[in-house]
Every structure is written in structure tokens, then in C-alpha cells.
file protein09.txt (compact mmCIF, C-alpha atoms)
# COMPACT_ATOMS: atom_id res chain seq x y z
CA MET A 8 1.78 -30.07 7.97
CA LYS A 9 4.68 -29.19 5.66
CA ILE A 10 5.28 -26.66 2.89
CA THR A 11 5.73 -28.70 -0.27
CA LYS A 12 5.81 -26.20 -3.13
CA MET A 13 6.16 -22.45 -3.76
CA THR A 14 5.19 -21.14 -7.20
CA LEU A 15 5.54 -17.55 -8.40
CA TYR A 16 3.40 -15.92 -11.09
CA THR A 17 4.32 -12.64 -12.76
CA VAL A 18 0.94 -11.22 -13.80
CA PRO A 19 -0.25 -7.98 -15.43
CA PRO A 20 -0.43 -5.15 -14.88
CA ARG A 21 2.63 -5.13 -12.53
CA TRP A 22 2.17 -7.76 -9.84
CA LEU A 23 3.82 -10.93 -8.55
CA PHE A 24 1.73 -13.65 -6.88
CA LEU A 25 3.00 -16.46 -4.68
CA GLU A 26 1.17 -19.77 -4.34
CA MET A 27 2.30 -21.85 -1.35
CA GLU A 28 1.16 -25.47 -1.20
CA THR A 29 1.19 -27.95 1.69
CA ASP A 30 1.01 -31.72 2.10
CA GLU A 31 -2.47 -31.38 3.65
CA GLY A 32 -3.92 -29.76 0.54
CA ILE A 33 -4.16 -26.26 2.02
CA THR A 34 -2.87 -23.54 -0.28
CA GLY A 35 -1.96 -20.00 0.69
CA TRP A 36 -1.49 -16.93 -1.51
CA GLY A 37 0.76 -13.91 -1.09
CA GLU A 38 1.77 -10.87 -3.13
CA PRO A 39 5.54 -10.28 -2.82
CA VAL A 40 6.36 -7.44 -5.18
CA VAL A 41 8.09 -4.10 -5.55
CA GLU A 42 6.58 -2.04 -8.35
CA GLY A 43 9.21 -2.04 -11.10
CA ARG A 44 11.36 -4.70 -9.40
CA ALA A 45 9.14 -7.79 -9.60
CA SER A 46 11.92 -9.95 -11.05
CA VAL A 47 14.29 -9.03 -8.22
CA VAL A 48 11.71 -9.88 -5.55
CA LYS A 49 10.94 -13.14 -7.36
CA THR A 50 14.59 -14.14 -7.01
CA ALA A 51 14.56 -13.26 -3.31
CA VAL A 52 11.47 -15.41 -2.70
CA GLU A 53 13.10 -18.31 -4.54
CA ASP A 54 16.14 -17.90 -2.31
CA PHE A 55 14.01 -18.00 0.86
CA SER A 56 12.21 -21.09 -0.46
CA GLN A 57 15.37 -23.12 0.13
CA TYR A 58 14.79 -22.59 3.85
CA LEU A 59 10.99 -22.86 3.87
CA LEU A 60 10.32 -26.02 1.87
CA GLY A 61 9.62 -28.91 4.22
CA LYS A 62 8.88 -26.59 7.17
CA ASP A 63 5.64 -26.33 9.17
CA PRO A 64 3.74 -23.29 7.77
CA LEU A 65 2.01 -22.61 11.08
CA LEU A 66 5.25 -21.39 12.71
CA ILE A 67 4.89 -17.94 11.19
CA GLU A 68 6.79 -15.84 13.72
CA ASP A 69 9.73 -18.23 13.74
CA HIS A 70 9.90 -18.23 9.94
CA TRP A 71 9.73 -14.42 9.89
CA GLN A 72 12.60 -14.17 12.35
CA ALA A 73 14.63 -16.71 10.43
CA MET A 74 14.20 -14.87 7.14
CA TYR A 75 14.92 -11.46 8.66
CA ARG A 76 17.67 -12.27 11.18
CA GLY A 77 19.11 -15.25 9.34
CA GLY A 78 20.81 -12.97 6.86
CA PHE A 79 23.73 -10.84 8.05
CA TYR A 80 22.54 -8.13 5.61
CA ARG A 81 18.86 -7.39 6.03
CA GLY A 82 16.09 -4.97 5.21
CA GLY A 83 15.43 -2.91 2.12
CA PRO A 84 12.52 -3.00 -0.31
CA GLU A 85 13.25 -6.21 -2.20
CA ILE A 86 14.10 -8.43 0.80
CA MET A 87 11.27 -7.11 2.97
CA SER A 88 8.78 -7.43 0.10
CA ALA A 89 9.83 -11.05 -0.41
CA ILE A 90 9.32 -11.69 3.31
CA ALA A 91 5.99 -9.83 3.11
CA GLY A 92 4.50 -12.01 0.38
CA ILE A 93 5.68 -15.19 2.08
CA ASP A 94 4.21 -14.00 5.38
CA GLN A 95 0.85 -13.31 3.71
CA ALA A 96 0.76 -16.82 2.26
CA LEU A 97 1.63 -18.35 5.63
CA TRP A 98 -1.20 -16.45 7.34
CA ASP A 99 -3.58 -17.48 4.55
CA ILE A 100 -2.70 -21.12 5.21
CA LYS A 101 -3.03 -20.73 8.97
CA GLY A 102 -6.44 -19.09 8.67
CA LYS A 103 -7.66 -21.85 6.38
CA TYR A 104 -6.22 -24.50 8.71
CA TYR A 105 -8.23 -23.09 11.64
CA ASN A 106 -11.18 -22.09 9.38
CA ALA A 107 -10.97 -18.50 10.57
CA PRO A 108 -10.16 -15.10 9.08
CA VAL A 109 -6.62 -13.95 9.80
CA TYR A 110 -7.92 -11.10 11.96
CA GLU A 111 -9.50 -13.64 14.33
CA LEU A 112 -6.04 -15.13 14.89
CA LEU A 113 -4.64 -11.63 15.52
CA GLY A 114 -7.07 -10.87 18.36
CA GLY A 115 -10.36 -10.40 16.55
CA LYS A 116 -11.84 -7.47 14.68
CA CYS A 117 -12.38 -4.11 16.36
CA ARG A 118 -14.58 -2.63 13.59
CA ASP A 119 -17.55 -3.69 11.48
CA LYS A 120 -16.61 -1.82 8.31
CA LEU A 121 -13.61 -0.07 6.83
CA LYS A 122 -13.42 3.28 5.06
CA ILE A 123 -11.60 3.21 1.71
CA TYR A 124 -10.26 5.73 -0.74
CA SER A 125 -9.59 5.62 -4.47
CA TRP A 126 -7.06 7.20 -6.80
CA VAL A 127 -7.95 9.83 -9.38
CA GLY A 128 -6.03 11.77 -12.02
CA GLY A 129 -3.04 9.59 -12.88
CA ASP A 130 0.68 10.28 -12.55
CA ARG A 131 0.25 13.69 -14.16
CA PRO A 132 -3.03 14.74 -12.59
CA SER A 133 -5.75 15.76 -15.03
CA ASP A 134 -9.55 15.63 -15.27
CA VAL A 135 -9.68 15.25 -11.50
CA VAL A 136 -13.23 16.58 -11.14
CA ALA A 137 -14.66 14.18 -13.72
CA GLY A 138 -12.74 11.30 -12.14
CA ALA A 139 -13.83 12.26 -8.65
CA LYS A 140 -17.46 12.53 -9.75
CA ALA A 141 -17.40 9.05 -11.26
CA LEU A 142 -15.97 7.67 -8.03
CA PHE A 143 -18.46 9.58 -5.88
CA ASP A 144 -21.34 8.22 -7.95
CA SER A 145 -19.99 4.70 -7.46
CA GLY A 146 -20.10 5.07 -3.67
CA CYS A 147 -16.62 6.39 -2.91
CA THR A 148 -16.37 9.32 -0.47
CA ALA A 149 -12.59 9.78 -0.29
CA ILE A 150 -9.99 10.23 -3.02
CA LYS A 151 -6.26 10.75 -3.39
CA LEU A 152 -4.46 12.42 -6.25
CA ASN A 153 -0.89 13.23 -7.14
CA GLY A 154 -0.22 16.87 -6.41
CA THR A 155 2.33 17.74 -9.02
CA ASP A 156 4.55 16.35 -11.74
CA GLU A 157 8.28 17.26 -11.90
CA MET A 158 9.40 19.69 -9.22
CA HIS A 159 12.97 20.99 -8.99
CA TYR A 160 14.73 21.82 -5.70
CA ILE A 161 13.56 25.41 -6.19
CA ASP A 162 10.85 25.83 -8.80
CA SER A 163 8.25 28.23 -10.14
CA PHE A 164 5.29 29.25 -7.97
CA GLU A 165 3.22 28.67 -11.09
CA LYS A 166 3.48 24.92 -10.38
CA ILE A 167 2.24 25.49 -6.84
CA LEU A 168 -0.76 27.44 -8.14
CA ALA A 169 -1.57 24.66 -10.62
CA VAL A 170 -1.88 22.17 -7.75
CA SER A 171 -3.97 24.60 -5.73
CA GLU A 172 -6.34 25.26 -8.60
CA ARG A 173 -6.97 21.53 -9.13
CA ILE A 174 -7.84 21.01 -5.47
CA ALA A 175 -10.05 24.11 -5.54
CA LEU A 176 -12.08 22.61 -8.40
CA VAL A 177 -12.70 19.40 -6.42
CA ARG A 178 -13.67 21.36 -3.31
CA LYS A 179 -16.05 23.54 -5.34
CA GLU A 180 -17.73 20.47 -6.84
CA PHE A 181 -18.12 18.40 -3.67
CA GLY A 182 -17.61 20.72 -0.71
CA TYR A 183 -16.70 18.50 2.24
CA LYS A 184 -18.75 15.49 1.11
CA MET A 185 -15.51 14.18 -0.44
CA ASP A 186 -12.35 13.72 1.61
CA ILE A 187 -9.19 14.58 -0.31
CA GLY A 188 -5.63 13.35 0.15
CA VAL A 189 -2.82 14.92 -1.88
CA ASP A 190 0.26 12.82 -2.58
CA PHE A 191 3.50 14.79 -2.94
CA HIS A 192 4.97 11.37 -3.92
CA GLY A 193 8.45 12.39 -2.78
CA ARG A 194 8.59 14.53 -5.93
CA VAL A 195 8.83 17.76 -3.95
CA HIS A 196 12.06 18.78 -2.23
CA LYS A 197 12.05 20.37 1.22
CA SER A 198 12.05 24.04 0.16
CA MET A 199 9.13 23.69 -2.23
CA ALA A 200 7.30 21.22 0.06
CA LYS A 201 7.00 23.98 2.67
CA VAL A 202 5.49 26.33 0.07
CA LEU A 203 3.08 23.71 -1.27
CA ALA A 204 1.97 22.52 2.17
CA LYS A 205 1.20 26.11 3.21
CA GLU A 206 -0.73 26.83 0.00
CA LEU A 207 -2.88 23.69 0.32
CA ASP A 208 -3.74 24.28 3.98
CA GLN A 209 -6.77 26.36 2.96
CA TYR A 210 -8.51 23.29 1.52
CA HIS A 211 -8.57 21.33 4.80
CA LEU A 212 -7.32 18.10 3.26
CA MET A 213 -7.57 14.63 4.76
CA PHE A 214 -3.76 14.48 4.57
CA ILE A 215 -0.71 15.38 2.55
CA GLU A 216 1.35 12.31 1.73
CA GLU A 217 5.11 11.84 1.53
CA PRO A 218 5.95 15.58 1.51
CA VAL A 219 9.58 14.52 1.14
CA MET A 220 11.36 11.23 0.53
CA ALA A 221 11.57 8.95 3.56
CA GLU A 222 15.34 9.37 3.74
CA ASN A 223 14.69 13.09 4.32
CA ASN A 224 12.12 12.67 7.10
CA GLU A 225 14.04 15.08 9.32
CA ALA A 226 12.68 17.82 7.02
CA LEU A 227 9.19 17.14 8.39
CA ARG A 228 10.05 19.16 11.49
CA GLU A 229 10.16 22.26 9.26
CA ILE A 230 7.28 21.35 6.96
CA VAL A 231 4.77 20.87 9.79
CA LYS A 232 5.37 24.49 10.86
CA HIS A 233 3.71 25.62 7.62
CA THR A 234 0.51 23.56 7.75
CA SER A 235 -2.19 22.23 10.03
CA THR A 236 -2.99 19.41 7.58
CA PRO A 237 -2.20 15.90 8.84
CA VAL A 238 1.09 14.61 7.43
CA ALA A 239 1.27 11.01 6.15
CA THR A 240 4.31 8.98 5.13
CA GLY A 241 5.78 5.49 5.26
CA GLU A 242 5.20 3.65 1.99
CA ARG A 243 8.98 3.52 1.44
CA MET A 244 9.79 2.35 4.96
CA PHE A 245 10.14 -1.37 5.41
CA SER A 246 10.27 -2.42 9.07
CA ARG A 247 9.43 -1.31 12.60
CA TRP A 248 13.04 -0.17 12.92
CA ASP A 249 12.54 2.20 9.98
CA PHE A 250 9.44 3.66 11.65
CA LYS A 251 10.96 3.92 15.13
CA ASN A 252 12.68 7.30 14.78
CA LEU A 253 9.82 8.74 12.72
CA LEU A 254 7.42 8.04 15.57
CA VAL A 255 9.80 9.22 18.28
CA ASP A 256 10.41 12.52 16.45
CA GLY A 257 6.66 13.17 16.46
CA TYR A 258 6.25 14.96 13.11
CA VAL A 259 3.92 12.45 11.47
CA ASP A 260 0.15 12.06 11.94
CA ILE A 261 -0.51 9.05 9.72
CA ILE A 262 1.80 6.15 8.90
CA GLN A 263 1.40 4.23 5.64
CA PRO A 264 3.25 0.92 5.81
CA ASP A 265 2.66 -1.38 2.86
CA VAL A 266 1.66 -4.97 3.73
CA SER A 267 3.46 -6.17 0.58
CA HIS A 268 6.64 -4.17 1.27
CA ALA A 269 7.05 -3.86 5.04
CA GLY A 270 7.43 -7.48 6.10
CA GLY A 271 3.83 -8.61 5.64
CA ILE A 272 0.92 -9.00 8.02
CA SER A 273 3.16 -9.92 10.97
CA GLU A 274 5.32 -6.80 10.72
CA VAL A 275 2.68 -4.26 9.73
CA LYS A 276 0.48 -5.29 12.68
CA LYS A 277 3.46 -4.51 14.95
CA ILE A 278 4.22 -1.22 13.19
CA ILE A 279 0.63 -0.01 13.52
CA ALA A 280 0.54 -1.07 17.17
CA MET A 281 3.73 0.96 17.74
CA ALA A 282 2.05 3.96 16.13
CA GLU A 283 -0.95 3.64 18.43
CA ALA A 284 1.38 4.18 21.39
CA PHE A 285 2.37 7.54 19.82
CA ASP A 286 -1.28 8.52 19.10
CA VAL A 287 -0.60 8.21 15.36
CA ALA A 288 -3.15 6.92 12.84
CA ALA A 289 -2.53 4.37 10.09
CA ALA A 290 -3.64 4.23 6.45
CA PRO A 291 -1.81 1.29 4.86
CA HIS A 292 -0.37 1.89 1.40
CA CYS A 293 -1.81 -0.41 -1.29
CA PRO A 294 -1.84 0.54 -4.99
CA LEU A 295 -1.35 -3.18 -5.68
CA GLY A 296 -3.30 -6.34 -6.41
CA PRO A 297 -6.11 -8.30 -4.74
CA ILE A 298 -3.94 -10.38 -2.40
CA ALA A 299 -2.18 -7.30 -1.03
CA LEU A 300 -5.52 -5.56 -0.48
CA ALA A 301 -6.98 -8.60 1.23
CA ALA A 302 -3.95 -8.75 3.54
CA CYS A 303 -4.33 -5.04 4.36
CA ILE A 304 -7.98 -5.49 5.29
CA GLN A 305 -7.12 -8.33 7.67
CA VAL A 306 -4.68 -6.04 9.50
CA ASP A 307 -7.00 -3.02 9.44
CA ALA A 308 -9.81 -5.10 10.91
CA CYS A 309 -7.95 -5.54 14.20
CA CYS A 310 -6.09 -2.19 14.46
CA PRO A 311 -8.18 0.60 16.03
CA ASN A 312 -5.92 3.39 14.72
CA ALA A 313 -6.22 2.24 11.07
CA PHE A 314 -8.77 4.78 9.83
CA ILE A 315 -8.82 4.33 6.05
CA GLN A 316 -7.49 1.92 3.41
CA GLU A 317 -6.04 2.70 0.00
CA GLN A 318 -7.26 0.42 -2.81
CA SER A 319 -6.48 0.38 -6.50
CA LEU A 320 -9.65 -0.68 -8.29
CA GLY A 321 -9.55 1.18 -11.59
CA ILE A 322 -6.25 2.94 -10.81
CA HIS A 323 -4.38 4.31 -13.82
CA TYR A 324 -1.73 1.56 -13.60
CA ASN A 325 -4.40 -1.10 -14.17
CA GLN A 326 -6.09 0.48 -17.18
CA GLY A 327 -5.49 -1.45 -20.38
CA GLY A 328 -4.36 -4.49 -18.40
CA GLN A 329 -5.82 -6.61 -15.62
CA ASP A 330 -7.59 -5.21 -12.57
CA LEU A 331 -8.00 -6.62 -9.07
CA LEU A 332 -11.35 -8.32 -9.57
CA ASP A 333 -10.12 -10.21 -12.63
CA TYR A 334 -8.14 -12.56 -10.38
CA LEU A 335 -10.92 -13.33 -7.88
CA ALA A 336 -13.47 -16.14 -7.95
CA ASP A 337 -15.90 -14.01 -5.92
CA LYS A 338 -15.73 -10.44 -7.21
CA SER A 339 -18.17 -9.09 -4.60
CA VAL A 340 -15.69 -9.35 -1.72
CA PHE A 341 -14.36 -5.83 -2.34
CA ASN A 342 -17.74 -4.16 -2.93
CA PHE A 343 -18.03 -0.82 -1.17
CA ASP A 344 -21.02 1.28 -0.20
CA ASN A 345 -21.06 4.92 0.89
CA GLY A 346 -17.28 4.86 1.20
CA PHE A 347 -16.96 1.65 3.24
CA ILE A 348 -16.30 -2.03 2.62
CA GLN A 349 -17.41 -4.81 4.93
CA ILE A 350 -14.87 -6.92 6.80
CA PRO A 351 -14.70 -10.33 5.04
CA LYS A 352 -15.73 -13.41 7.00
CA GLY A 353 -14.02 -16.09 4.92
CA PRO A 354 -11.03 -18.07 6.24
CA GLY A 355 -7.45 -16.93 5.75
CA LEU A 356 -7.20 -13.74 3.71
CA GLY A 357 -10.91 -13.96 2.93
CA ILE A 358 -10.54 -14.25 -0.85
CA GLU A 359 -10.48 -17.09 -3.36
CA ILE A 360 -7.99 -16.69 -6.20
CA ASN A 361 -9.08 -17.69 -9.70
CA LYS A 362 -6.14 -19.98 -10.46
CA GLU A 363 -7.14 -20.42 -14.10
CA LYS A 364 -7.01 -16.66 -14.61
CA VAL A 365 -3.63 -16.45 -12.87
CA LEU A 366 -2.16 -19.09 -15.18
CA GLU A 367 -3.58 -17.35 -18.23
CA ALA A 368 -2.17 -13.97 -17.13
CA ALA A 369 1.21 -15.41 -16.13
CA ALA A 370 1.62 -16.66 -19.68
CA ILE A 371 1.56 -12.99 -20.69
CA GLY A 372 3.59 -11.67 -17.76
CA HIS A 373 4.93 -8.11 -17.54
CA ASN A 374 8.10 -6.11 -17.22
CA TRP A 375 6.59 -2.95 -15.73
CA LYS A 376 8.98 -0.11 -14.90
CA ASN A 377 8.15 3.31 -13.56
CA PRO A 378 8.87 6.22 -15.90
CA LEU A 379 12.11 8.17 -15.73
CA TRP A 380 11.40 11.87 -15.44
CA ARG A 381 13.70 14.85 -15.98
CA ASN A 382 13.42 18.47 -14.88
CA TYR A 383 13.32 21.35 -17.34
CA ASP A 384 17.13 21.59 -17.20
CA GLY A 385 17.72 17.90 -17.92
CA THR A 386 18.46 16.78 -14.34
CA ILE A 387 16.78 13.60 -13.11
CA ALA A 388 13.51 14.33 -11.31
CA GLU A 389 11.80 12.25 -8.65
CA TRP A 390 8.91 10.23 -10.06

call {"tool": "encode", "arguments": {"input": "protein09.txt", "output": "C-alpha cells"}}
result
Amino acid sequence: MKITKMTLYTVPPRWLFLEMETDEGITGWGEPVVEGRASVVKTAVEDFSQYLLGKDPLLIEDHWQAMYRGGFYRGGPEIMSAIAGIDQALWDIKGKYYNAPVYELLGGKCRDKLKIYSWVGGDRPSDVVAGAKALFDSGCTAIKLNGTDEMHYIDSFEKILAVSERIALVRKEFGYKMDIGVDFHGRVHKSMAKVLAKELDQYHLMFIEEPVMAENNEALREIVKHTSTPVATGERMFSRWDFKNLLVDGYVDIIQPDVSHAGGISEVKKIIAMAEAFDVAAAPHCPLGPIALAACIQVDACCPNAFIQEQSLGIHYNQGGQDLLDYLADKSVFNFDNGFIQIPKGPGLGIEINKEKVLEAAAIGHNWKNPLWRNYDGTIAEW
């Protein structure tokens, strides 16, 4: 079997899909994208296609090594996301070739169902109780929300109280029937992250996410002194080498590699297995499209330390555009009940893409960019 064609589709609201075709009629799908840099990743995939066309798609590990080690300069979000989407498509083909879900080829599933969580409140969190109630009524038992908007290196305690009051409202409404994760989103610098982490400890959260930017992970050794809440990070880390020191240092409780950013199914399975050796849990990052979510579920199915999965059905980025289910032939595959989804049994990634819908959406395309925020004094703020 040979790879004969690789086609990329830029589709709303902010995704990039890869269709990989073979001479035996088996087609695989991947989602190689960096939010806000889809065009850059598209170029990287096209560059890798020069190597891949004509190759046997079943040789996944060899192709991964060739793409990663074949370039003198390696790593980073765009390159690793290109590799990730290609890797997903290769696994989709291999699963379909053997008529088995990807997780069967990775050792078989170790769970029957998977806990999920949903986003609420948007980039500037508001109406979180109403949003959480709608999700709870739909069968969701865990949520995540952004903690704060702009936060300067040293900022007013009033902003800390605003975060605390929002969480208090959710706790008052649901008690502990709803698990809550709070995403600092790298918006909070070390000094204020310590203050915020300490203030939120009283709410017994599921986790606090990305208390500082990944390049400042050494600050976690101070932040963990101020909280007993599990600390999660990793969405902006792109390979097992990026995660190595984080795990060795021991200041993280949950890693969040992204299957569309951190080298794909092949690499994220290895990263999560590394974390297991350090007694660290995994909750893969995925505010993306249906292919990325399907790839995450395949990895989660066979990783015992993956305890929950982010998913973006109805997330604020998708409102007014396309949502995950719009691109699927069978929209029931991501149904969840009482906070869990079932592990899919279909071959490959376990989903069937609605090609007609993809073509229609690609004719519209997108040029999504994240907002540029500024602090009260005009300095650039972390988004």
C-alpha cells in the first residue's frame, strides 16, 4: 500500500483537516493545526508530503522518526502539529486496514468509558452559573473556565476576588456534584499566580491549569507551596523531551499534551506513559475539532492514568461557525451520559468524516487569530 495523495482543508471555525489517500482505497484523516497559525502548519504538512507520497502508510514509527529527526532544526508548535496531524491520518489508515480501532493496535483499551469536561464562560468569563447549569442538565458533570482576563505582573487583589466570587457561585449552585477546573491560561505571572492559587484552594478544584507559561515552569516549585489543588500544564509543550524535565522536577500533577500539537497519537501515548512512571495523571488538551477529539479518545482508551478528556462541543470559539458534529456522518459517536462517553468501536479513529460538508466549509475557510490584549497601562498582556 502506498500514500498517493494528501489534501488539506481549512475549515471554520479555526481548524485544518488532512485527508490522506492510498492506492488501496483506504483514506485516513488528521487534524494538523495550531490555533491562529493554520496557514503555517498547512505549509509544513505540504513540505512533509514531499517525503511521504509514495511511502507505505503502515510504517508509522519510521515516518515519525524521519519527519522529526530528518530535519536538523526540529520541534516547536508548527512542526510538531504538522507531524501530529499526519500521524493521526496514518493511524486512521492502519486501523481501517486491520479493521480495528487504533487503541486495539496500541495494546487494547483499559477502560469502558471516559470522563469528559466542557468549557463554560468564554475568554472573559461571564454567566458561568447559567452555562454550567445548561451543561449539567445535558449530562456533563465537569467544567473548566478561564479564571481571569488581563493580569499584570503585579496587579490588584480586586481581580483575584472577582475570580474567587465566580467560583463561589458555581460551588453554591452545584456543591460537589460538578467538578471544576480553572484555567490560568498562562495569563497570570508568577507573583500573582501564587496569590490566586492560594485564594482558590478553598473551593477544592479538580485542577488549576497552566498557572504560568510553560517556559516558566520552574516557577511551579513556588506556586505549589501555596495550594493543595492539583496543578495541570502541558498544552504548550510539544514532545516527550519538553515534558522530561517537568516530570523529573515533580511539581505537576496532571499533564495536558495535545494530540494535534505534541506529535500525534504516537508521541502523546509515549508522553502519557512517561507520566505514569512519575505517578502523574493525564488530561489531554483538546479545544479543537472532531478528528483531534477522536484521536484523543483512542489514546485515552489505552492509558490508565488518563482520567478525563477535554472536548469542545459548544465552546465559545465554535459559536456562530461550525461545531464538531457538523463534520461527522454519525453524530452520535460523541454522545455523553452522566459525564462519560463510551469508547468507540469503529476502525481507525472511530469516526466517519462527512466529506461533502468538509468541501462546503473549505470553500468558506477561515483566518482565525487569537485576540491581542493589553494591560491597563498599554503593555501587551498574555491572552

call {"tool": "closest_atom_pairs", "arguments": {"input": "protein09.txt", "of": "range 292-333 of chain A", "to": "range 261-274 of chain A", "cutoff": "8 Å", "atoms": "only C-alpha atoms", "output": "CSV"}}
result
residue,atom,partner,partner_atom,distance
A:His292,CA,A:Asp265,CA,4.7
A:Cys293,CA,A:Asp265,CA,6.2
A:Ala299,CA,A:Ser267,CA,6.0
A:Ala302,CA,A:Ile272,CA,6.6
A:Cys303,CA,A:Val266,CA,6.0
A:Val306,CA,A:Ile272,CA,6.5

call {"tool": "atom_distance", "arguments": {"input": "protein09.txt", "atom1": "CA of Ala175 in chain A", "atom2": "CA of Val219 in chain A"}}
result
22.8 Å

call {"tool": "residues_around", "arguments": {"input": "protein09.txt", "residues": "range 216-218 of chain A", "least_positions_apart": "6", "cutoff": "8 Å", "atoms": "only C-alpha atoms", "output": "list in words"}}
result
Gly188, Val189, Asp190, Phe191, His192, Gly193, Arg194, Val195, His196, Lys197, Ala200, Leu227, Val238, Ala239, Thr240 and Gly241 of chain A

call {"tool": "atom_distance", "arguments": {"input": "protein09.txt", "atom1": "CA of Lys338 in chain A", "atom2": "CA of Ile304 in chain A"}}
result
15.5 Å

call {"tool": "residues_around", "arguments": {"input": "protein09.txt", "residues": "Phe341 in chain A", "least_positions_apart": "5", "cutoff": "9 Å", "atoms": "only C-alpha atoms", "output": "number ranges by chain"}}
result
A: 297, 301, 332, 348-349, 351

call {"tool": "closest_residue", "arguments": {"input": "protein09.txt", "among": "A:Trp98, A:Phe347, A:Tyr75, A:Tyr210", "to": "Asp119 in chain A", "atoms": "only C-alpha atoms"}}
result
A:Phe347

call {"tool": "atom_distance", "arguments": {"input": "protein09.txt", "atom1": "CA of Glu317 in chain A", "atom2": "CA of Tyr124 in chain A"}}
result
5.2 Å

call {"tool": "closest_residue", "arguments": {"input": "protein09.txt", "among": "A:Val18, A:Lys201, A:Ile86, A:Phe143", "to": "Lys364 in chain A", "atoms": "all atoms listed in the file"}}
result
A:Val18

call {"tool": "residues_around", "arguments": {"input": "protein09.txt", "residues": "Phe285 in chain A", "least_positions_apart": "3", "cutoff": "12 Å", "atoms": "only C-alpha atoms", "output": "list in words"}}
result
Phe250, Lys251, Asn252, Leu253, Leu254, Val255, Asp256, Gly257, Tyr258, Val259, Asp260, Ile261, Ile262, Ile278, Ile279, Ala280, Met281, Ala282, Ala288, Ala289 and Asn312 of chain A

call {"tool": "closest_residue", "arguments": {"input": "protein09.txt", "among": "A:Leu295, A:Asp130, A:Ala204, A:Cys147", "to": "Trp380 in chain A", "atoms": "only C-alpha atoms"}}
result
A:Asp130

call {"tool": "residues_around", "arguments": {"input": "protein09.txt", "residues": "Asn374 in chain A", "least_positions_apart": "3", "cutoff": "9 Å", "atoms": "all atoms listed in the file", "output": "list in words"}}
result
Thr17, Pro19, Pro20, Arg21, Gly43, Arg44, Ala45 and Ser46 of chain A

call {"tool": "closest_residue", "arguments": {"input": "protein09.txt", "among": "A:Ser198, A:Ser163, A:Gln72, A:Gln305", "to": "Gln95 in chain A", "atoms": "all atoms listed in the file"}}
result
A:Gln305

call {"tool": "residues_around", "arguments": {"input": "protein09.txt", "residues": "Glu38 in chain A", "least_positions_apart": "4", "cutoff": "8 Å", "atoms": "only C-alpha atoms", "output": "mmCIF file with C-alpha atoms, in the frame of the given file"}}
result
data_model
loop_
_atom_site.group_PDB
_atom_site.id
_atom_site.type_symbol
_atom_site.label_atom_id
_atom_site.label_comp_id
_atom_site.auth_asym_id
_atom_site.auth_seq_id
_atom_site.Cartn_x
_atom_site.Cartn_y
_atom_site.Cartn_z
ATOM 1 C CA TRP A 22 2.170 -7.760 -9.840
ATOM 2 C CA LEU A 23 3.820 -10.930 -8.550
ATOM 3 C CA PHE A 24 1.730 -13.650 -6.880
ATOM 4 C CA LEU A 25 3.000 -16.460 -4.680
ATOM 5 C CA ALA A 91 5.990 -9.830 3.110
ATOM 6 C CA GLY A 92 4.500 -12.010 0.380
ATOM 7 C CA ILE A 93 5.680 -15.190 2.080
ATOM 8 C CA GLN A 95 0.850 -13.310 3.710
ATOM 9 C CA SER A 267 3.460 -6.170 0.580
ATOM 10 C CA GLY A 296 -3.300 -6.340 -6.410
ATOM 11 C CA ILE A 298 -3.940 -10.380 -2.400
ATOM 12 C CA ALA A 299 -2.180 -7.300 -1.030
#

call {"tool": "residues_near_point", "arguments": {"input": "protein09.txt", "point": "(0.6, -25.6, 13.6)", "cutoff": "8 Å", "atoms": "all atoms listed in the file", "output": "PyMOL selection string"}}
result
chain A and resi 8+63-66+101

call {"tool": "closest_residue", "arguments": {"input": "protein09.txt", "among": "A:Glu283, A:Asp333, A:Asp99, A:Ile360", "to": "Leu112 in chain A", "atoms": "all atoms listed in the file"}}
result
A:Asp99

call {"tool": "closest_residue", "arguments": {"input": "protein09.txt", "among": "A:Asp144, A:Phe181, A:Ile315, A:Tyr334", "to": "Leu366 in chain A", "atoms": "only C-alpha atoms"}}
result
A:Tyr334

call {"tool": "decode", "arguments": {"input": "protein09.txt", "residues": "range 80-91 of chain A", "atoms": "C-alpha atoms", "output": "compact mmCIF listing (two decimals), in the first residue's frame"}}
result
# COMPACT_ATOMS: atom_id res chain seq x y z
CA TYR A 80 16.07 22.00 13.26
CA ARG A 81 13.14 20.32 14.97
CA GLY A 82 10.32 20.79 17.42
CA GLY A 83 8.10 23.77 18.10
CA PRO A 84 4.34 24.17 17.71
CA GLU A 85 4.03 24.37 13.93
CA ILE A 86 6.36 21.48 13.03
CA MET A 87 5.07 19.18 15.78
CA SER A 88 1.45 19.98 14.90
CA ALA A 89 2.14 19.12 11.26
CA ILE A 90 3.67 15.81 12.36
CA ALA A 91 0.70 15.30 14.72
